[in-house]
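Shown next: start_30.tsv, given as TSV, C-alpha atoms.
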```
chain	number	residue	atom	x	y	z
A	24	MET	CA	-7.16	66.13	2.59
A	25	GLY	CA	-9.32	63.46	4.26
A	26	SER	CA	-11.36	62.89	1.11
A	27	GLN	CA	-8.20	62.59	-1.00
A	28	ILE	CA	-6.76	59.93	1.29
A	29	LEU	CA	-10.06	58.07	1.35
A	30	ARG	CA	-10.27	58.04	-2.47
A	31	ARG	CA	-6.74	56.62	-2.68
A	32	VAL	CA	-7.63	53.85	-0.24
A	33	LEU	CA	-10.85	52.95	-1.99
A	34	ARG	CA	-9.07	52.79	-5.36
A	35	SER	CA	-6.51	50.45	-3.78
A	36	ARG	CA	-9.26	48.32	-2.25
A	37	ALA	CA	-11.06	48.19	-5.57
A	38	ARG	CA	-7.96	46.78	-7.23
A	39	GLU	CA	-7.81	44.09	-4.52
A	40	ILE	CA	-11.48	43.24	-4.86
A	41	PHE	CA	-11.51	42.94	-8.65
A	42	SER	CA	-8.10	41.32	-9.08
A	43	PRO	CA	-7.92	37.51	-8.96
A	44	GLN	CA	-7.90	36.22	-5.38
A	45	PRO	CA	-7.24	32.81	-3.88
A	46	SER	CA	-10.39	30.76	-3.41
A	47	THR	CA	-12.53	31.61	-0.39
A	48	ASN	CA	-14.61	28.45	-0.68
A	49	PRO	CA	-15.17	26.98	2.81
A	50	SER	CA	-14.02	23.61	1.56
A	51	SER	CA	-10.56	24.99	0.92
A	52	ALA	CA	-8.63	23.97	4.04
A	53	ARG	CA	-5.49	25.61	2.70
A	54	VAL	CA	-7.06	29.05	3.02
A	55	PHE	CA	-9.28	28.67	6.03
A	56	SER	CA	-7.83	26.26	8.55
A	57	CYS	CA	-5.48	27.52	11.20
A	58	PHE	CA	-4.56	23.95	12.00
A	59	ASP	CA	-4.72	21.96	8.75
A	60	ARG	CA	-2.56	22.25	5.66
A	61	SER	CA	-0.22	20.25	3.47
A	62	ILE	CA	3.36	20.51	4.65
A	63	SER	CA	4.91	19.83	1.27
A	64	SER	CA	5.36	23.49	0.36
A	65	SER	CA	7.56	24.08	3.41
A	66	ALA	CA	9.65	20.94	3.21
A	67	SER	CA	13.30	21.43	2.40
A	68	SER	CA	14.41	19.93	-0.86
A	69	GLY	CA	15.68	16.39	-0.28
A	70	SER	CA	14.95	16.59	3.43
A	71	ASP	CA	12.19	15.52	5.81
A	72	LEU	CA	12.56	18.75	7.75
A	73	ILE	CA	9.97	21.51	7.43
A	74	ARG	CA	11.44	24.97	7.09
A	75	ALA	CA	9.74	27.60	9.26
A	76	THR	CA	10.59	31.26	9.78
A	77	LEU	CA	11.42	32.30	13.35
A	78	PHE	CA	11.38	35.89	14.60
A	79	PRO	CA	12.88	35.69	18.12
A	80	GLY	CA	11.88	39.33	18.65
A	81	ASP	CA	12.97	41.87	21.25
A	82	GLY	CA	13.42	41.93	25.01
A	83	ILE	CA	12.63	38.49	26.41
A	84	GLY	CA	11.92	37.22	22.89
A	85	PRO	CA	15.26	35.48	22.27
A	86	GLU	CA	15.02	33.71	25.66
A	87	ILE	CA	11.56	32.29	25.14
A	88	ALA	CA	12.38	31.46	21.51
A	89	GLU	CA	15.30	29.42	22.83
A	90	SER	CA	12.85	27.55	25.08
A	91	VAL	CA	10.76	26.65	22.04
A	92	LYS	CA	13.82	25.41	20.17
A	93	GLN	CA	14.89	23.26	23.13
A	94	VAL	CA	11.43	21.72	23.56
A	95	PHE	CA	11.12	21.06	19.83
A	96	LYS	CA	14.52	19.39	19.81
A	97	ALA	CA	13.64	17.18	22.78
A	98	ALA	CA	10.30	16.25	21.17
A	99	GLU	CA	12.09	15.54	17.86
A	100	VAL	CA	9.88	17.92	15.91
A	101	PRO	CA	10.99	17.95	12.23
A	102	ILE	CA	11.39	21.72	12.00
A	103	GLU	CA	14.30	23.61	10.49
A	104	TRP	CA	14.27	27.18	11.77
A	105	GLU	CA	15.16	30.08	9.50
A	106	GLU	CA	15.82	32.91	11.95
A	107	HIS	CA	15.34	36.60	11.19
A	108	TYR	CA	15.95	39.50	13.54
A	109	VAL	CA	14.68	43.06	13.66
A	110	ALA	CA	17.06	45.36	11.80
A	111	GLN	CA	18.93	48.27	13.41
A	112	GLU	CA	17.74	50.70	10.74
A	113	VAL	CA	14.48	51.21	8.88
A	114	ASP	CA	14.27	49.21	5.64
A	115	PRO	CA	12.88	51.66	3.04
A	116	ARG	CA	11.22	48.76	1.21
A	117	THR	CA	9.00	47.96	4.22
A	118	GLN	CA	9.16	51.36	5.97
A	119	SER	CA	9.89	49.55	9.23
A	120	PHE	CA	12.67	47.70	11.05
A	121	LEU	CA	11.51	44.46	9.44
A	122	THR	CA	13.60	43.67	6.38
A	123	TRP	CA	12.15	42.66	3.04
A	124	GLU	CA	14.17	39.44	3.24
A	125	SER	CA	12.43	38.43	6.48
A	126	LEU	CA	9.01	38.94	4.89
A	127	GLU	CA	10.06	36.94	1.85
A	128	SER	CA	11.10	34.14	4.18
A	129	VAL	CA	7.55	33.86	5.53
A	130	ARG	CA	6.07	34.06	2.04
A	131	GLN	CA	8.28	31.22	0.87
A	132	ASN	CA	8.00	28.99	3.95
A	133	LYS	CA	4.27	29.70	4.44
A	134	VAL	CA	4.64	29.19	8.19
A	135	GLY	CA	6.42	31.00	11.00
A	136	LEU	CA	6.64	31.80	14.70
A	137	LYS	CA	7.11	35.28	16.14
A	138	GLY	CA	8.26	36.44	19.54
A	139	PRO	CA	7.33	39.85	21.01
A	140	MET	CA	8.42	42.86	18.98
A	141	ALA	CA	8.65	46.40	20.33
A	142	THR	CA	8.03	49.45	18.14
A	143	PRO	CA	9.27	52.82	19.53
A	144	ILE	CA	6.20	54.88	20.45
A	145	GLY	CA	5.76	58.24	18.75
A	146	LYS	CA	8.95	57.97	16.69
A	147	GLY	CA	7.28	57.92	13.28
A	148	HIS	CA	8.24	54.32	12.57
A	149	ARG	CA	5.77	51.90	11.04
A	150	SER	CA	4.58	49.33	13.60
A	151	LEU	CA	6.37	46.00	13.25
A	152	ASN	CA	3.18	44.02	13.82
A	153	LEU	CA	1.24	46.23	11.42
A	154	THR	CA	3.95	45.73	8.81
A	155	LEU	CA	3.63	41.96	9.10
A	156	ARG	CA	-0.16	42.05	8.82
A	157	LYS	CA	-0.20	44.40	5.86
A	158	GLU	CA	2.71	42.97	3.85
A	159	LEU	CA	1.73	39.32	4.40
A	160	ASN	CA	-2.03	39.99	4.20
A	161	LEU	CA	-2.63	38.27	7.53
A	162	TYR	CA	-6.36	38.84	7.53
A	163	ALA	CA	-7.46	36.86	10.60
A	164	ASN	CA	-6.00	36.68	14.09
A	165	VAL	CA	-7.16	33.55	15.91
A	166	ARG	CA	-6.78	33.29	19.68
A	167	PRO	CA	-7.97	30.18	21.53
A	168	CYS	CA	-8.80	31.16	25.10
A	169	TYR	CA	-9.33	28.30	27.55
A	170	SER	CA	-8.92	27.67	31.26
A	171	LEU	CA	-5.71	25.82	32.08
A	172	PRO	CA	-6.16	22.73	34.31
A	173	GLY	CA	-4.53	23.24	37.69
A	174	TYR	CA	-4.09	27.00	37.31
A	175	LYS	CA	-6.81	28.70	39.33
A	176	THR	CA	-8.39	31.94	38.13
A	177	ARG	CA	-11.79	33.54	38.75
A	178	TYR	CA	-13.27	31.34	36.02
A	179	ASP	CA	-12.99	27.58	35.55
A	180	ASP	CA	-14.97	27.04	32.37
A	181	VAL	CA	-13.56	29.45	29.78
A	182	ASP	CA	-13.42	27.89	26.32
A	183	LEU	CA	-13.84	30.39	23.52
A	184	ILE	CA	-12.18	31.59	20.32
A	185	THR	CA	-11.70	35.20	19.26
A	186	ILE	CA	-11.29	35.85	15.53
A	187	ARG	CA	-10.20	39.38	14.68
A	188	GLU	CA	-10.16	41.03	11.27
A	189	ASN	CA	-6.53	42.02	11.01
A	190	THR	CA	-6.02	44.38	8.08
A	191	GLU	CA	-8.29	47.41	8.23
A	192	GLY	CA	-10.72	49.28	10.49
A	193	GLU	CA	-9.22	51.94	12.75
A	194	TYR	CA	-5.82	50.31	12.22
A	195	SER	CA	-5.68	51.22	8.54
A	196	GLY	CA	-3.07	53.82	9.56
A	197	LEU	CA	-4.80	56.71	7.78
A	198	GLU	CA	-4.42	59.76	10.02
A	199	HIS	CA	-3.74	63.39	9.26
A	200	GLN	CA	-4.02	66.86	10.75
A	201	VAL	CA	-6.98	68.84	9.40
A	202	VAL	CA	-5.91	72.13	10.98
A	203	ARG	CA	-3.71	72.83	13.95
A	204	GLY	CA	-5.20	71.15	17.00
A	205	VAL	CA	-7.56	68.93	14.98
A	206	VAL	CA	-6.58	65.48	13.71
A	207	GLU	CA	-8.63	62.94	11.79
A	208	SER	CA	-8.37	59.15	11.68
A	209	LEU	CA	-10.21	57.15	9.02
A	210	LYS	CA	-11.93	53.84	9.75
A	211	ILE	CA	-11.99	51.66	6.64
A	212	ILE	CA	-14.38	48.69	6.38
A	213	THR	CA	-14.66	46.80	3.09
A	214	ARG	CA	-16.98	44.09	1.91
A	215	GLN	CA	-14.06	41.95	0.75
A	216	ALA	CA	-12.26	41.91	4.10
A	217	SER	CA	-15.47	41.50	6.10
A	218	LEU	CA	-16.69	38.54	4.02
A	219	ARG	CA	-13.25	36.94	4.22
A	220	VAL	CA	-12.99	37.00	8.01
A	221	ALA	CA	-16.64	36.04	8.47
A	222	GLU	CA	-16.18	33.06	6.15
A	223	TYR	CA	-13.12	32.01	8.11
A	224	ALA	CA	-14.97	32.30	11.45
A	225	PHE	CA	-17.91	30.16	10.35
A	226	HIS	CA	-15.69	27.58	8.68
A	227	TYR	CA	-13.57	27.42	11.84
A	228	ALA	CA	-16.68	26.92	13.97
A	229	LYS	CA	-17.98	24.13	11.75
A	230	SER	CA	-14.67	22.30	11.40
A	231	HIS	CA	-13.92	22.47	15.14
A	232	GLY	CA	-17.33	21.42	16.40
A	233	ARG	CA	-18.32	24.86	17.67
A	234	GLU	CA	-22.01	25.72	17.89
A	235	ARG	CA	-22.23	29.51	17.95
A	236	VAL	CA	-20.67	32.51	16.20
A	237	SER	CA	-21.13	35.96	17.73
A	238	ALA	CA	-20.47	39.07	15.62
A	239	ILE	CA	-19.26	41.92	17.84
A	240	HIS	CA	-20.06	45.45	16.69
A	241	LYS	CA	-21.13	49.03	17.42
A	242	ALA	CA	-23.48	49.42	14.47
A	243	ASN	CA	-25.96	51.34	16.59
A	244	ILE	CA	-23.48	54.25	16.40
A	245	MET	CA	-21.26	53.46	13.40
A	246	GLN	CA	-24.10	52.46	11.12
A	247	LYS	CA	-22.21	52.52	7.81
A	248	THR	CA	-18.94	50.81	8.75
A	249	ASP	CA	-20.07	48.31	11.36
A	250	GLY	CA	-23.34	48.01	9.48
A	251	LEU	CA	-21.44	46.71	6.45
A	252	PHE	CA	-19.50	44.28	8.64
A	253	LEU	CA	-22.75	42.86	10.06
A	254	LYS	CA	-24.33	42.64	6.62
A	255	CYS	CA	-21.41	40.49	5.47
A	256	CYS	CA	-21.62	38.28	8.58
A	257	ARG	CA	-25.35	37.73	8.00
A	258	GLU	CA	-24.68	36.82	4.38
A	259	VAL	CA	-22.14	34.18	5.39
A	260	ALA	CA	-24.31	32.92	8.28
A	261	GLU	CA	-27.03	31.93	5.80
A	262	LYS	CA	-24.63	29.33	4.35
A	263	TYR	CA	-24.13	27.71	7.77
A	264	PRO	CA	-27.64	27.00	9.11
A	265	GLU	CA	-26.24	24.49	11.60
A	266	ILE	CA	-24.29	27.29	13.37
A	267	ILE	CA	-26.17	29.62	15.73
A	268	TYR	CA	-25.51	33.23	14.75
A	269	GLU	CA	-25.95	36.27	16.98
A	270	GLU	CA	-24.93	39.93	17.05
A	271	VAL	CA	-23.69	41.58	20.26
A	272	VAL	CA	-22.85	45.25	20.82
A	273	ILE	CA	-19.24	45.49	22.02
A	274	ASP	CA	-19.89	47.22	25.36
A	275	ASN	CA	-22.54	44.63	26.23
A	276	CYS	CA	-20.13	41.91	25.09
A	277	CYS	CA	-17.50	43.11	27.55
A	278	MET	CA	-20.00	43.00	30.41
A	279	MET	CA	-21.23	39.53	29.44
A	280	LEU	CA	-17.68	38.18	29.17
A	281	VAL	CA	-16.81	39.37	32.66
A	282	LYS	CA	-20.07	38.07	34.15
A	283	ASN	CA	-20.15	34.70	32.39
A	284	PRO	CA	-17.65	33.87	29.62
A	285	ALA	CA	-19.39	30.51	29.04
A	286	LEU	CA	-22.07	32.44	27.12
A	287	PHE	CA	-19.70	32.71	24.15
A	288	ASP	CA	-18.15	30.21	21.75
A	289	VAL	CA	-16.60	31.84	18.64
A	290	LEU	CA	-16.45	35.65	18.44
A	291	VAL	CA	-15.70	37.47	15.17
A	292	MET	CA	-15.15	41.21	15.04
A	293	PRO	CA	-13.46	44.14	13.30
A	294	ASN	CA	-9.87	45.06	14.07
A	295	LEU	CA	-10.02	47.44	17.04
A	296	TYR	CA	-12.75	45.51	18.87
A	297	GLY	CA	-10.76	42.32	18.36
A	298	ASP	CA	-7.66	43.92	19.85
A	299	ILE	CA	-9.59	44.84	23.00
A	300	ILE	CA	-11.78	41.75	23.38
A	301	SER	CA	-8.96	39.26	22.81
A	302	ASP	CA	-6.89	40.84	25.58
A	303	LEU	CA	-9.92	40.89	27.87
A	304	CYS	CA	-10.41	37.17	27.23
A	305	ALA	CA	-6.74	36.53	27.98
A	306	GLY	CA	-7.30	38.16	31.37
A	307	LEU	CA	-10.05	35.65	32.11
A	308	ILE	CA	-7.58	32.75	32.03
A	309	GLY	CA	-4.55	34.36	33.65
A	310	GLY	CA	-3.09	36.85	31.17
A	311	LEU	CA	-1.33	37.20	27.86
A	312	GLY	CA	1.52	35.03	29.13
A	313	LEU	CA	-0.77	31.99	28.82
A	314	THR	CA	-2.52	32.86	25.55
A	315	PRO	CA	-1.62	31.37	22.15
A	316	SER	CA	-2.24	33.24	18.92
A	317	CYS	CA	-2.06	32.50	15.20
A	318	ASN	CA	-2.42	34.84	12.21
A	319	ILE	CA	-3.92	33.44	9.01
A	320	GLY	CA	-3.15	34.85	5.58
A	321	GLU	CA	-4.29	34.11	2.07
A	322	GLY	CA	-2.25	31.57	0.17
A	323	GLY	CA	-1.92	29.28	3.19
A	324	ILE	CA	0.35	31.50	5.31
A	325	ALA	CA	0.19	31.01	9.08
A	326	LEU	CA	2.26	33.08	11.51
A	327	ALA	CA	1.90	32.05	15.14
A	328	GLU	CA	2.94	34.57	17.77
A	329	ALA	CA	3.19	35.45	21.42
A	330	VAL	CA	0.98	38.51	21.90
A	331	HIS	CA	2.46	39.73	25.18
A	332	GLY	CA	5.00	42.52	25.38
A	333	SER	CA	8.77	42.30	25.15
A	334	ALA	CA	9.20	42.93	28.92
A	335	PRO	CA	12.54	44.77	28.66
A	336	ASP	CA	12.69	45.08	32.47
A	337	ILE	CA	13.36	41.34	32.84
A	338	ALA	CA	15.14	40.71	29.54
A	339	GLY	CA	18.31	38.67	29.95
A	340	LYS	CA	17.49	37.75	33.58
A	341	ASN	CA	16.22	34.22	32.91
A	342	LEU	CA	12.83	35.10	34.44
A	343	ALA	CA	10.53	35.08	31.40
A	344	ASN	CA	7.56	32.76	31.02
A	345	PRO	CA	7.72	30.98	27.62
A	346	THR	CA	4.21	29.46	27.85
A	347	ALA	CA	2.48	31.78	25.37
A	348	LEU	CA	5.11	31.27	22.67
A	349	LEU	CA	5.19	27.53	23.33
A	350	LEU	CA	1.39	27.22	23.05
A	351	SER	CA	1.51	29.37	19.92
A	352	SER	CA	4.10	26.99	18.48
A	353	VAL	CA	1.62	24.19	19.18
A	354	THR	CA	-0.94	25.94	16.96
A	355	MET	CA	1.77	26.13	14.30
A	356	LEU	CA	2.32	22.38	14.55
A	357	ARG	CA	-1.41	21.72	14.22
A	358	HIS	CA	-1.45	23.91	11.13
A	359	LEU	CA	1.32	21.67	9.76
A	360	GLU	CA	-0.77	18.59	10.66
A	361	LEU	CA	1.86	17.42	13.16
A	362	HIS	CA	-0.88	16.62	15.66
A	363	ASP	CA	1.04	13.96	17.61
A	364	LYS	CA	3.91	16.36	18.28
A	365	ALA	CA	1.46	19.16	19.10
A	366	ASP	CA	-0.45	17.00	21.60
A	367	ARG	CA	2.75	15.82	23.24
A	368	ILE	CA	4.12	19.34	23.73
A	369	GLN	CA	0.79	20.84	24.81
A	370	ASN	CA	0.23	18.11	27.39
A	371	ALA	CA	3.75	18.60	28.74
A	372	ILE	CA	3.14	22.36	29.16
A	373	LEU	CA	-0.24	21.92	30.85
A	374	ASN	CA	1.01	19.13	33.12
A	375	THR	CA	4.00	21.21	34.20
A	376	ILE	CA	1.77	24.15	35.12
A	377	ALA	CA	-0.83	21.93	36.81
A	378	GLU	CA	1.82	20.14	38.88
A	379	GLY	CA	2.83	23.53	40.30
A	380	LYS	CA	6.39	22.59	41.22
A	381	TYR	CA	7.98	24.66	38.46
A	382	ARG	CA	6.32	27.97	37.64
A	383	THR	CA	7.74	31.33	36.69
A	384	ALA	CA	7.09	34.39	38.85
A	385	ASP	CA	4.09	35.59	36.84
A	386	LEU	CA	2.41	32.24	37.57
A	387	GLY	CA	3.05	32.52	41.29
A	388	GLY	CA	6.27	30.52	41.37
A	389	SER	CA	9.98	31.24	41.54
A	390	SER	CA	11.42	29.10	38.74
A	391	SER	CA	13.73	30.47	36.09
A	392	THR	CA	13.00	30.25	32.38
A	393	THR	CA	15.60	27.49	32.14
A	394	ASP	CA	14.11	25.41	34.97
A	395	PHE	CA	10.57	25.81	33.67
A	396	THR	CA	11.66	24.74	30.18
A	397	LYS	CA	13.53	21.73	31.57
A	398	ALA	CA	10.43	20.69	33.54
A	399	ILE	CA	8.37	20.78	30.34
A	400	ILE	CA	10.97	18.65	28.56
A	401	ASP	CA	10.87	16.17	31.48
A	402	HIS	CA	7.09	15.89	31.02
A	403	LEU	CA	7.34	15.07	27.32
```

Exercise: express the given structure as structure tokens:
Amino acid sequence: MGSQILRRVLRSRAREIFSPQPSTNPSSARVFSCFDRSISSSASSGSDLIRATLFPGDGIGPEIAESVKQVFKAAEVPIEWEEHYVAQEVDPRTQSFLTWESLESVRQNKVGLKGPMATPIGKGHRSLNLTLRKELNLYANVRPCYSLPGYKTRYDDVDLITIRENTEGEYSGLEHQVVRGVVESLKIITRQASLRVAEYAFHYAKSHGRERVSAIHKANIMQKTDGLFLKCCREVAEKYPEIIYEEVVIDNCCMMLVKNPALFDVLVMPNLYGDIISDLCAGLIGGLGLTPSCNIGEGGIALAEAVHGSAPDIAGKNLANPTALLLSSVTMLRHLELHDKADRIQNAILNTIAEGKYRTADLGGSSSTTDFTKAIIDHL
């Protein structure tokens, strides 16, 4: 059974590898930059507004999405939101609660913002986030992780970027029962996906003035899969002699991050490691509630998102912290080359937090979502 599944996957991967693909040349900003692209493809016909897809999400999602809409309105950001919600029933076309129409919206608009989405655990439903990554081919997850001025944590000098391969690895979703009591999960690593994310990481480092790229792995144990990933990273590194390249075993990486996060600059890694390391890095600066995230797909698609949970225990209570979604929306604006608007909103967020007068409970304050949002608007 395992070999049959593996053959099907490899045939599928082969079709992807040998079919025509968008250019992966580093000079192509449309493919590789999380923050630079032409906005013409998303502009509404006969309008100066840029159409973007918005998934408010579950739990606290609609509340923090409303905060983003209010801040954007106050800052006069030329965005026209096309909102899509999680369906009540599984869409057979996507095998999840995400409708085909919502995915088509992102494909057409090329840009979007997503609030937290909750997938029922152990119910046999396809993960909502996995559906987005697979259907939209969101191959790289980019998370800037930096210390926020005025918000004290154990570290004051964190400034790093995690870049996670987003489509394969242990998250390929290929699991089956061999015999009763024995299950098998397949880890898929391909040259195509590894080269693609490595190319993106090095191009990102070069275009953003970063000096070092660290490939995170466990090739000492998983010699074939992680070995292939490292081989691809080395191949790309040769084209960027001005960037320092190093390889770090994942367990050692975790220790080094906790001891001294300043040792790292840009980290690139396979899917599962990226899931773990990116959350660890978020903890260094105060948690997922302060961490922006943006998913990059081929064809110029960018889907920014809040990576924290849906927090159903405080949903509807006006207690949620909208910072992560707001900072993620800033990465979306940079992708659209609306840098002035992005700077204005980001500075307002950071100044509000640094001032300390208005903070939500998770930041040590007692402000409501509404009050915190109003304070950000007042700082614009």

In terms of the shortest atom-to-atom distance over only C-alpha atoms, which of A:Pro115, A:Gly135, A:Gly387, A:Pro172 is closest to Pro79 of chain A?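 Looking only at the distances to Pro79 of chain A, the closest residue turns out to be A:Gly135.
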
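Ranking A:Pro101, A:Gly84, A:Gly232, A:Pro284 by their shortest atom-to-atom distance to Met140 of chain A, with all atoms listed in the file included, puts A:Gly84 first.
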
Rank nothing, just name the residue among A:Leu218, A:Ala325, A:Val201, A:Ala285 nearest to Arg235 of chain A, using all atoms listed in the file.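 Of all the options, A:Ala285 lies closest to Arg235 of chain A.
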
In Å, rounded to a single decimal, give me how far atom CA of His226 of chain A is from atom CA of Ile244 of chain A.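 Spanning atom CA of Ile244 of chain A to atom CA of His226 of chain A is a straight-line distance of 28.8 Å.
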
Taking 5 positions as the minimum chain separation for residues in the same chain, which residues sit within 7 Å of Thr375 of chain A when counting only C-alpha atoms? Answer as a list in words. Tyr381, Ala398, Ile399 and His402 of chain A

Expressed in Å to a single decimal, how great is the separation between atom CA of Thr190 of chain A and atom CA of Leu209 of chain A?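 Going from atom CA of Thr190 of chain A over to atom CA of Leu209 of chain A covers 13.5 Å.
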
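Note that atom CA of Leu155 of chain A and atom CA of Ala238 of chain A are 25.1 Å apart.
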
Which of these residues is nearest to Gly250 of chain A, using only C-alpha atoms: A:Asp363, A:Glu270, A:Glu222, A:Asp179? A:Glu270

Nearest residue to Arg187 of chain A from the set A:Leu295, A:Ile273, A:Met245, A:Ile87 (distances using only C-alpha atoms): A:Leu295

Using all atoms listed in the file: which of A:Asn294, A:Thr248, A:Asn152, A:Ser170 has the shortest distance to Glu193 of chain A: A:Asn294

Near Asp366 of chain A, within 10 Å and counting all atoms listed in the file, which residues show up once chain neighbours fewer than 6 positions away are dropped, as JSON, numbers by chain? {"A": [353, 356, 357, 372, 403]}

If you keep C-alpha atoms, can you produce a file of those selected residues as a PDB file, in the frame of the given file?
```pdb
ATOM      1  CA  VAL A 353       1.620  24.190  19.180  1.00  0.00           C
ATOM      2  CA  LEU A 356       2.320  22.380  14.550  1.00  0.00           C
ATOM      3  CA  ARG A 357      -1.410  21.720  14.220  1.00  0.00           C
ATOM      4  CA  ILE A 372       3.140  22.360  29.160  1.00  0.00           C
ATOM      5  CA  LEU A 403       7.340  15.070  27.320  1.00  0.00           C
TER       6      LEU A 403
END
```

Selection: 7 Å around Gly82 of chain A, all atoms listed in the file, excl. self and same-chain fewer than 2 positions, as a PyMOL selection string: chain A and resi 84+333-335+338

Hey, which bits of segment 116-144 of chain A sit within 10 Å of segment 304-324 of chain A, and for each residue what's the closest pair of atoms and how far apart in Å (one decimal), counting only C-alpha atoms, rows by chain and increasing number, as JSON lines?
```
{"residue": "A:Val129", "atom": "CA", "partner": "A:Ile324", "partner_atom": "CA", "distance": 7.6}
{"residue": "A:Arg130", "atom": "CA", "partner": "A:Ile324", "partner_atom": "CA", "distance": 7.1}
{"residue": "A:Gln131", "atom": "CA", "partner": "A:Ile324", "partner_atom": "CA", "distance": 9.1}
{"residue": "A:Asn132", "atom": "CA", "partner": "A:Ile324", "partner_atom": "CA", "distance": 8.2}
{"residue": "A:Lys133", "atom": "CA", "partner": "A:Ile324", "partner_atom": "CA", "distance": 4.4}
{"residue": "A:Val134", "atom": "CA", "partner": "A:Ile324", "partner_atom": "CA", "distance": 5.7}
{"residue": "A:Gly135", "atom": "CA", "partner": "A:Ile324", "partner_atom": "CA", "distance": 8.3}
{"residue": "A:Leu136", "atom": "CA", "partner": "A:Cys317", "partner_atom": "CA", "distance": 8.7}
{"residue": "A:Lys137", "atom": "CA", "partner": "A:Cys317", "partner_atom": "CA", "distance": 9.6}
```
